[in-house]
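Below: the structure, in structure tokens.
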Amino acid sequence: MRFSLFILLFCCLCRTAVAEVVELRIALWMADVREIGQPPADGLAAFNEALARQICRRINARCSTGNVPFADILPGIEARRFDLGFGNFLRTPEREKRVAFSDPIWNSSSRLLVRSDNNRRLEARFGPEIRPEKLRDLRVGGVSGTQQYAYLEHLAGRRGLALSGFRTMSEVLDRLGDGQLDICLLPMLSAYDLLLREAPGRFEFIGPPLVDNGLGGTVHIALAKEREPLRQAVNSAIAALRADGTYHRLLRQYFPFSLE
Amino acid sequence: MNLGIFPGLRGIRAGRVFSLLAALFVLTFGIVVVLVVLDQQRVIESTRHLQEQTVPEILRYQRLARNLEQLRQEGERVFTATTPPARQQAMFVVMLVASHPSVLEHAQSAALARETERFLNDVMHRAASDSKAFTTYRDEWLRLSARLSVQVEDVSIQGVNLASSDLNEVSGAMLLARYKLMAALGLVGLFLLLFLFMLSRHLIHPLQRIDRVLSGLSVDHPSPAFEPSAMREIHAVEEAIGELHASLVQNEKARFALEELANNDGLTGLTNRRHFLLQANAEVQRGQRYERSLTVGMADLDFFKNLNDTYGHAAGDSVLRSLAGLMRETFRQSDMICRYGGEEFAFLFPETTLAEAQVLAERLRSRCAGYEIILADGREVGVCISIGLANASRCSLETALNRADDALYEAKHQGRNRVVLAPSGEQLLLADDL
């Protein structure tokens, strides 16, 4: 009888302990429109998911991940639909007003992308060191909500650019491929994922890599502003992952080069 | 602190100098400790800087070197890849690495990476139309690849060198701290020596000197002279020793005066009876031991009672005083003269036979007889004296004095103002036998 009571008490305690494990809803940016709602296959999204799971393990939380378009991540975090946003976010003053950011996880830069057969023509028109602010009278595209899109938006009116925004990067590449866009401005690493799937030599980066005007720098995990304890826990987890080499093993697993 | 070396400091209380020395020591040592602590702070700050800023910076350089090496390897893959997708992937990685912010941060590396990327891109474009492009540009690629390798090495070394300045700072601070600690050690030793020197010079040596002086302190020696001491306490003790000596001398004087009072007759200044008996006894014993001649005498002023009655006691006293002076003048230095009582006097003549003593006694008697004493009121008075002498070389002092007294009595009996010799011992024995 006493033993049964003990077991009962033990079970109650265990249930309490299990109930204390936090569940984190994680938003992952999907570059390909076909993968929204699907588990990530490989590349940056898969790396982000693996990193998210490692962080959850370190802070003793359970993870549930979801693939969402970039533009939905920040509003989702603000509305508390997501706890952590892996959108490869560059840290900008505008975004800082809306959400909080973790310590940096890697570095990013942006670059202009064109169809290979357009390369020569554009280089002949704008020179080999072609930059977004030199563009004029072109159809340009980007992923809505990204820094790259915001920068193009900023240039569009003055330079006579016809700007189109898309939910995912795959849509941008499709429009570039079928000739509806002349040029687009994309984050390098995210674009790399998709370009590997394309036929070799179809698209080409042109101009120098861009890090100024908020187009490059450190990449962070976004989370709600009022969740300072969670931010600190995530930062500690990132530091621990770096310290014990887990982070670099993940990088090696998903990329043939270092992101740092 | 040798106050002898610094005459200006003489007079400063040595105790205060000790306190000053201790305060100076604490202050100096405190300053050294603070300096060492500051060095330690420098070490801590440099170490923190190394840990928080330099090491991450070194890591960034290491990452940059790794990325450049990656760039070189991927470039190699562009040349060696057998399939277009593999070549395309390698080219993408080249572009990604060349575009990476870590490479862009380092201007030299960024330029080289961009050059590499443009070269490879150019070769790929040429390869689309010319199948031998990769072979044609192979040598140029190898030169670029070698430049990349050099850049990798340079970046690595630059990173490692970042640590040297912090480490130099640390070792410099440690070295400085070591010098300061050694200086502090020297300072402690110096202060200790100075302290011991002060202790020995101003405390131990003066105390030893005081001990020596106290053991030799006597009225026979002059008052001890001390060099002025820097320690006020020691100086006070030395002054007290001077005062002690003065009081010893004073006591000796008082003792001497008391002795004078006890041994001498107040009126005449001659030895009194008690002292005379003591001295004479010793003299008799000494004379008899060495078998020397020795004579005693008794004298009595003639008609002294009448003189007192006629002229008064003051005149009597005056006469006695004058007579005492006359006796001192007449007799020799070595002869003992004593006021035996009233107008009676006793003598002892050492080394003198009865006959020689008779000459002396006769001289006194005759001088006395012709001596006019002037009294206080101007009157003149003449006195005469009867003397009895006895040989003391064979009998006790008491016996000799009795016999001299008998002889005096005989002199009185014979009519006064004369010297009568007591018969010698043999004569007495003979008389007894008869």
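Just remember, in the structure tokens the first chain shown is A, the second B, etc., residues are 1-based per chain, and ligands are 1-based in the order shown.
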
List every residue of chain A that has an atom at most 12 Å from any atom of chain B, giving for each one its closest atom pair and the distance in Å to one decimal, counting only C-alpha atoms, sorted by chain and then by ascending residue number, as JSON lines.
```
{"residue": "A:Trp106", "atom": "CA", "partner": "B:Pro101", "partner_atom": "CA", "distance": 9.7}
{"residue": "A:Asn107", "atom": "CA", "partner": "B:Pro101", "partner_atom": "CA", "distance": 6.1}
{"residue": "A:Ser108", "atom": "CA", "partner": "B:His100", "partner_atom": "CA", "distance": 6.2}
{"residue": "A:Ser109", "atom": "CA", "partner": "B:His100", "partner_atom": "CA", "distance": 6.0}
{"residue": "A:Ser110", "atom": "CA", "partner": "B:Ser99", "partner_atom": "CA", "distance": 7.8}
{"residue": "A:Arg111", "atom": "CA", "partner": "B:Ser99", "partner_atom": "CA", "distance": 8.0}
{"residue": "A:Leu112", "atom": "CA", "partner": "B:Ser99", "partner_atom": "CA", "distance": 11.3}
{"residue": "A:Leu113", "atom": "CA", "partner": "B:Met95", "partner_atom": "CA", "distance": 11.7}
{"residue": "A:Ser116", "atom": "CA", "partner": "B:His125", "partner_atom": "CA", "distance": 9.7}
{"residue": "A:Asp117", "atom": "CA", "partner": "B:His125", "partner_atom": "CA", "distance": 10.8}
{"residue": "A:Asn119", "atom": "CA", "partner": "B:His125", "partner_atom": "CA", "distance": 10.6}
{"residue": "A:Arg120", "atom": "CA", "partner": "B:His125", "partner_atom": "CA", "distance": 10.4}
{"residue": "A:Pro128", "atom": "CA", "partner": "B:Arg118", "partner_atom": "CA", "distance": 9.7}
{"residue": "A:Glu129", "atom": "CA", "partner": "B:Arg118", "partner_atom": "CA", "distance": 10.7}
{"residue": "A:Pro187", "atom": "CA", "partner": "B:Leu96", "partner_atom": "CA", "distance": 10.0}
{"residue": "A:Met188", "atom": "CA", "partner": "B:Leu96", "partner_atom": "CA", "distance": 6.3}
{"residue": "A:Leu189", "atom": "CA", "partner": "B:Leu96", "partner_atom": "CA", "distance": 6.9}
{"residue": "A:Ser190", "atom": "CA", "partner": "B:Leu96", "partner_atom": "CA", "distance": 10.3}
{"residue": "A:Ala191", "atom": "CA", "partner": "B:Leu96", "partner_atom": "CA", "distance": 9.7}
{"residue": "A:Tyr192", "atom": "CA", "partner": "B:Phe92", "partner_atom": "CA", "distance": 6.8}
{"residue": "A:Asp193", "atom": "CA", "partner": "B:Phe92", "partner_atom": "CA", "distance": 9.9}
{"residue": "A:Leu194", "atom": "CA", "partner": "B:Phe92", "partner_atom": "CA", "distance": 11.0}
{"residue": "A:Leu195", "atom": "CA", "partner": "B:Phe92", "partner_atom": "CA", "distance": 8.3}
{"residue": "A:Leu196", "atom": "CA", "partner": "B:Gln89", "partner_atom": "CA", "distance": 6.4}
{"residue": "A:Arg197", "atom": "CA", "partner": "B:Pro85", "partner_atom": "CA", "distance": 9.3}
{"residue": "A:Glu198", "atom": "CA", "partner": "B:Pro85", "partner_atom": "CA", "distance": 9.2}
{"residue": "A:Ala199", "atom": "CA", "partner": "B:Pro85", "partner_atom": "CA", "distance": 7.6}
{"residue": "A:Pro200", "atom": "CA", "partner": "B:Pro85", "partner_atom": "CA", "distance": 5.5}
{"residue": "A:Gly201", "atom": "CA", "partner": "B:Gln88", "partner_atom": "CA", "distance": 7.0}
{"residue": "A:Arg202", "atom": "CA", "partner": "B:Gln88", "partner_atom": "CA", "distance": 10.0}
{"residue": "A:Phe203", "atom": "CA", "partner": "B:Gln88", "partner_atom": "CA", "distance": 10.3}
{"residue": "A:Glu204", "atom": "CA", "partner": "B:Phe92", "partner_atom": "CA", "distance": 9.0}
{"residue": "A:Phe205", "atom": "CA", "partner": "B:Met95", "partner_atom": "CA", "distance": 8.0}
{"residue": "A:Ile206", "atom": "CA", "partner": "B:Arg118", "partner_atom": "CA", "distance": 9.7}
{"residue": "A:Gly207", "atom": "CA", "partner": "B:Arg118", "partner_atom": "CA", "distance": 9.8}
{"residue": "A:Pro208", "atom": "CA", "partner": "B:Ser99", "partner_atom": "CA", "distance": 7.6}
{"residue": "A:Pro209", "atom": "CA", "partner": "B:Ser99", "partner_atom": "CA", "distance": 4.8}
{"residue": "A:Leu210", "atom": "CA", "partner": "B:Ser99", "partner_atom": "CA", "distance": 7.5}
{"residue": "A:Val211", "atom": "CA", "partner": "B:Pro101", "partner_atom": "CA", "distance": 6.8}
{"residue": "A:Asp212", "atom": "CA", "partner": "B:Pro101", "partner_atom": "CA", "distance": 10.1}
{"residue": "A:Leu215", "atom": "CA", "partner": "B:Pro101", "partner_atom": "CA", "distance": 10.4}
{"residue": "A:Gly216", "atom": "CA", "partner": "B:Pro101", "partner_atom": "CA", "distance": 7.0}
{"residue": "A:Gly217", "atom": "CA", "partner": "B:Pro101", "partner_atom": "CA", "distance": 6.4}
{"residue": "A:Thr218", "atom": "CA", "partner": "B:Pro101", "partner_atom": "CA", "distance": 8.4}
{"residue": "A:Val219", "atom": "CA", "partner": "B:Pro101", "partner_atom": "CA", "distance": 10.9}
{"residue": "A:His248", "atom": "CA", "partner": "B:Arg63", "partner_atom": "CA", "distance": 11.6}
{"residue": "A:Phe255", "atom": "CA", "partner": "B:Val93", "partner_atom": "CA", "distance": 9.3}
{"residue": "A:Pro256", "atom": "CA", "partner": "B:Val93", "partner_atom": "CA", "distance": 7.8}
{"residue": "A:Phe257", "atom": "CA", "partner": "B:Gln70", "partner_atom": "CA", "distance": 6.7}
{"residue": "A:Ser258", "atom": "CA", "partner": "B:Asn67", "partner_atom": "CA", "distance": 6.7}
{"residue": "A:Leu259", "atom": "CA", "partner": "B:His100", "partner_atom": "CA", "distance": 7.6}
{"residue": "A:Glu260", "atom": "CA", "partner": "B:Ser102", "partner_atom": "CA", "distance": 6.8}
```

Handout entry: stretch 155-158 of chain B environment, 8 Å, only C-alpha atoms, sequence neighbours closer than 6 positions dropped, as a PyMOL selection string
Key = chain B and resi 61-62+64-65

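Going from atom CA of A:Leu185 to atom CA of A:Gln148 covers 5.9 Å.
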
Exercise for the section: Can you check which residues of stretch 53-232 of chain A DSSP gives as helix (DSSP H, G or I) on the backbone and send them as a PyMOL selection string? Expected result: chain A and resi 53-58+70-78+93-98+116-126+132-134+147-159+169-177+188-195+228-232

Practice task
Please provide the set of residues having any atom within 10 Å of A:Arg231, restricted to only C-alpha atoms, with same-chain residues fewer than 2 positions apart removed, written as an MDAnalysis selection string.
Solution key: chainID A and resid 84 100:103 221:229 233:237

Export, as a tab-separated table (two decimals), in the first residue's frame, the selected residues with C-alpha atoms.
```
chain	number	residue	atom	x	y	z
A	84	LEU	CA	12.38	31.96	-32.09
A	100	ALA	CA	15.08	41.37	-29.87
A	101	PHE	CA	18.11	39.58	-31.33
A	102	SER	CA	20.41	36.87	-30.05
A	103	ASP	CA	24.20	36.97	-30.30
A	221	ILE	CA	18.06	34.73	-34.25
A	222	ALA	CA	14.98	36.91	-33.67
A	223	LEU	CA	12.79	36.64	-30.60
A	224	ALA	CA	10.16	38.70	-28.81
A	225	LYS	CA	11.44	41.79	-27.03
A	226	GLU	CA	10.02	40.99	-23.62
A	227	ARG	CA	11.65	37.56	-23.51
A	228	GLU	CA	14.98	38.59	-22.06
A	229	PRO	CA	15.51	35.35	-20.02
A	233	ALA	CA	19.43	31.27	-22.41
A	234	VAL	CA	19.78	31.19	-26.22
A	235	ASN	CA	23.01	33.23	-26.03
A	236	SER	CA	24.45	30.86	-23.43
A	237	ALA	CA	23.47	27.92	-25.61
```

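Here atom CA of A:Gly179 stands at a distance of 11.6 Å from atom CA of A:Gly141.
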
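The strand (DSSP E or B) portion of stretch 40-115 of chain A consists of Ala61, Arg62, Cys63, Ser64, Thr65, Gly66, Asn67, Val68, Leu84, Gly85, Phe86, Gly87, Asn88, Phe89, Leu90, Ala100, Phe101, Trp106, Asn107, Ser108, Ser110, Arg111, Leu112, Leu113, Val114 and Arg115 of chain A, with states taken from DSSP on the backbone.
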
Practice task
Tell me which protein, DNA and RNA residues are within 10 Å of A:Gly76, counting only C-alpha atoms, leaving out same-chain ones fewer than 5 positions away, and put them as a ChimeraX atom specification.
Solution key: /A:27,68,71,81-85,223-224

Completion exercise
Between atom CA of B:Arg321 and atom CA of B:Lys412 lies a distance of 22.0 Å

Exercise for the section: Might you pull out every residue within 12 Å of B:Gly15, with only C-alpha atoms counted and same-chain residues fewer than 6 positions away left off, and present them as a count of residues only? Expected result: 14

Practice task
Pick out the residues sitting within 12 Å of B:Ala392, and hand them over as a PyMOL selection string; count only C-alpha atoms, and ignore anything fewer than 4 positions along from it in its own chain.
Solution key: chain B and resi 280-281+283-288+291-297+347-354+357+396-404+421-425
